[in-house]
Amino acid sequence: MIFKLIRWPLGQLILLVDFLTAPKRPERDAQLQAMIDDRTRHLALYQFATCPFCVKTRRAIRRLGLNIELRDAQHDPKWRNQLLAEGGRLQTPCLAISDDSGQLRWLYESKDIIAYLEQCVATLEAAPVQG
Ligand SMILES: N[C@@H](CCC(=O)N[C@@H](CS)C(=O)NCC(=O)O)C(=O)O
């Protein structure tokens, strides 16, 4: 009961602190950014707005300068049901990774999601930009 009472203001506080201390997006070459956007087009983050692990993951997405679709698995039944049915657990954050054939892989755990995203960016940044 007490937890339910403090949950809302705590959630708002988390969002406020996140907003006020949002990491800067990197300034990068437009061609490299386009390559990164293309490579991350097949990713979607299932998340809850005020979940601290989701906030941590969204901050990493911003810090890495990624444009990844965010799907509200808390309020949108479509995403909530899909996460539960296909991912197997209603736990957020969860990164849906679709391959070229549209097959989905579900990556749970904020630490593993951030490591995966950092690796994607590092690989592309290390590759020479064509043209
Ligand atoms: N170790 C996980 C913790 C994630 C977690 O506990 N998320 C909460 C929301 S803040 C959740 O999904 N709880 C529902 C559940 O575990 O069933 C991570 O770092 O991603």
# chains A, B, ... in the order shown; residues from 1 in each chain; ligands from 1

$ residues_near_ligand --ligand "ligand 1" --cutoff "6 Å" --atoms "only C-alpha atoms and all ligand atoms" --output "list in words"
Cys51, Pro52, Phe53, Leu90, Gln91, Thr92, Pro93, Glu109, Ser110 and Lys111 of chain A

$ residues_around --residues "region 16-18 of chain A" --least-positions-apart "3" --cutoff "9 Å" --atoms "only C-alpha atoms" --output "JSON, numbers by chain"
{"A": [11, 12, 13, 21, 22, 23, 55, 56, 59]}

$ residues_around --residues "Pro77 (chain A)" --least-positions-apart "6" --cutoff "12 Å" --atoms "only C-alpha atoms" --output "list in words"
Tyr46, Arg71, Leu83, Leu84, Ala85 and Leu90 of chain A

$ residues_around --residues "Arg105 (chain A)" --least-positions-apart "2" --cutoff "8 Å" --atoms "only C-alpha atoms" --output "VMD selection string"
chain A and resid 87 96 to 98 103 107

$ residues_around --residues "Asp100 (chain A)" --least-positions-apart "5" --cutoff "12 Å" --atoms "only C-alpha atoms" --output "number ranges by chain"
A: 39, 41-43, 105

$ write_last_selection --atoms "N, CA, C and O atoms" --output "mmCIF file, in the first residue's frame"
data_model
loop_
_atom_site.group_PDB
_atom_site.id
_atom_site.type_symbol
_atom_site.label_atom_id
_atom_site.label_comp_id
_atom_site.auth_asym_id
_atom_site.auth_seq_id
_atom_site.Cartn_x
_atom_site.Cartn_y
_atom_site.Cartn_z
ATOM 1 N N ARG A 39 21.625 0.299 -39.452
ATOM 2 C CA ARG A 39 21.939 -0.951 -38.759
ATOM 3 C C ARG A 39 21.026 -1.190 -37.548
ATOM 4 O O ARG A 39 20.816 -2.319 -37.121
ATOM 5 N N ARG A 41 17.837 -0.063 -37.315
ATOM 6 C CA ARG A 41 16.440 0.051 -37.733
ATOM 7 C C ARG A 41 15.597 -1.150 -37.287
ATOM 8 O O ARG A 41 14.409 -1.049 -37.069
ATOM 9 N N HIS A 42 16.246 -2.281 -37.165
ATOM 10 C CA HIS A 42 15.539 -3.521 -36.854
ATOM 11 C C HIS A 42 15.449 -3.776 -35.342
ATOM 12 O O HIS A 42 15.143 -4.873 -34.922
ATOM 13 N N LEU A 43 15.762 -2.742 -34.554
ATOM 14 C CA LEU A 43 15.720 -2.903 -33.098
ATOM 15 C C LEU A 43 14.536 -2.132 -32.514
ATOM 16 O O LEU A 43 14.161 -1.072 -33.028
ATOM 17 N N ARG A 105 14.550 -11.931 -31.959
ATOM 18 C CA ARG A 105 15.301 -12.432 -30.806
ATOM 19 C C ARG A 105 15.035 -11.435 -29.685
ATOM 20 O O ARG A 105 14.972 -10.227 -29.940
#

$ closest_residue --among "A:Glu86, A:Gln119, A:Asp72, A:Pro26" --to "Cys54 (chain A)" --atoms "only C-alpha atoms"
A:Asp72

$ residues_around --residues "region 29-37 of chain A" --least-positions-apart "5" --cutoff "7 Å" --atoms "only C-alpha atoms" --output "compact mmCIF listing (two decimals) with N, CA, C and O atoms, in the first residue's frame"
# COMPACT_ATOMS: atom_id res chain seq x y z
N LEU A 66 21.67 6.82 -30.69
CA LEU A 66 20.89 5.86 -31.48
C LEU A 66 19.44 6.33 -31.59
O LEU A 66 18.93 7.02 -30.72
N ASN A 67 18.82 5.94 -32.69
CA ASN A 67 17.40 6.25 -32.91
C ASN A 67 16.65 4.92 -32.92
O ASN A 67 16.47 4.32 -33.98
N VAL A 121 27.65 -0.02 -32.11
CA VAL A 121 28.21 1.29 -32.46
C VAL A 121 29.72 1.18 -32.67
O VAL A 121 30.26 1.70 -33.65
N LEU A 124 30.60 -0.28 -36.04
CA LEU A 124 30.38 0.63 -37.18
C LEU A 124 31.36 1.80 -37.15
O LEU A 124 31.81 2.25 -38.20
N VAL A 129 34.19 4.69 -43.37
CA VAL A 129 32.99 5.21 -44.04
C VAL A 129 33.25 5.18 -45.56
O VAL A 129 34.27 5.64 -46.03
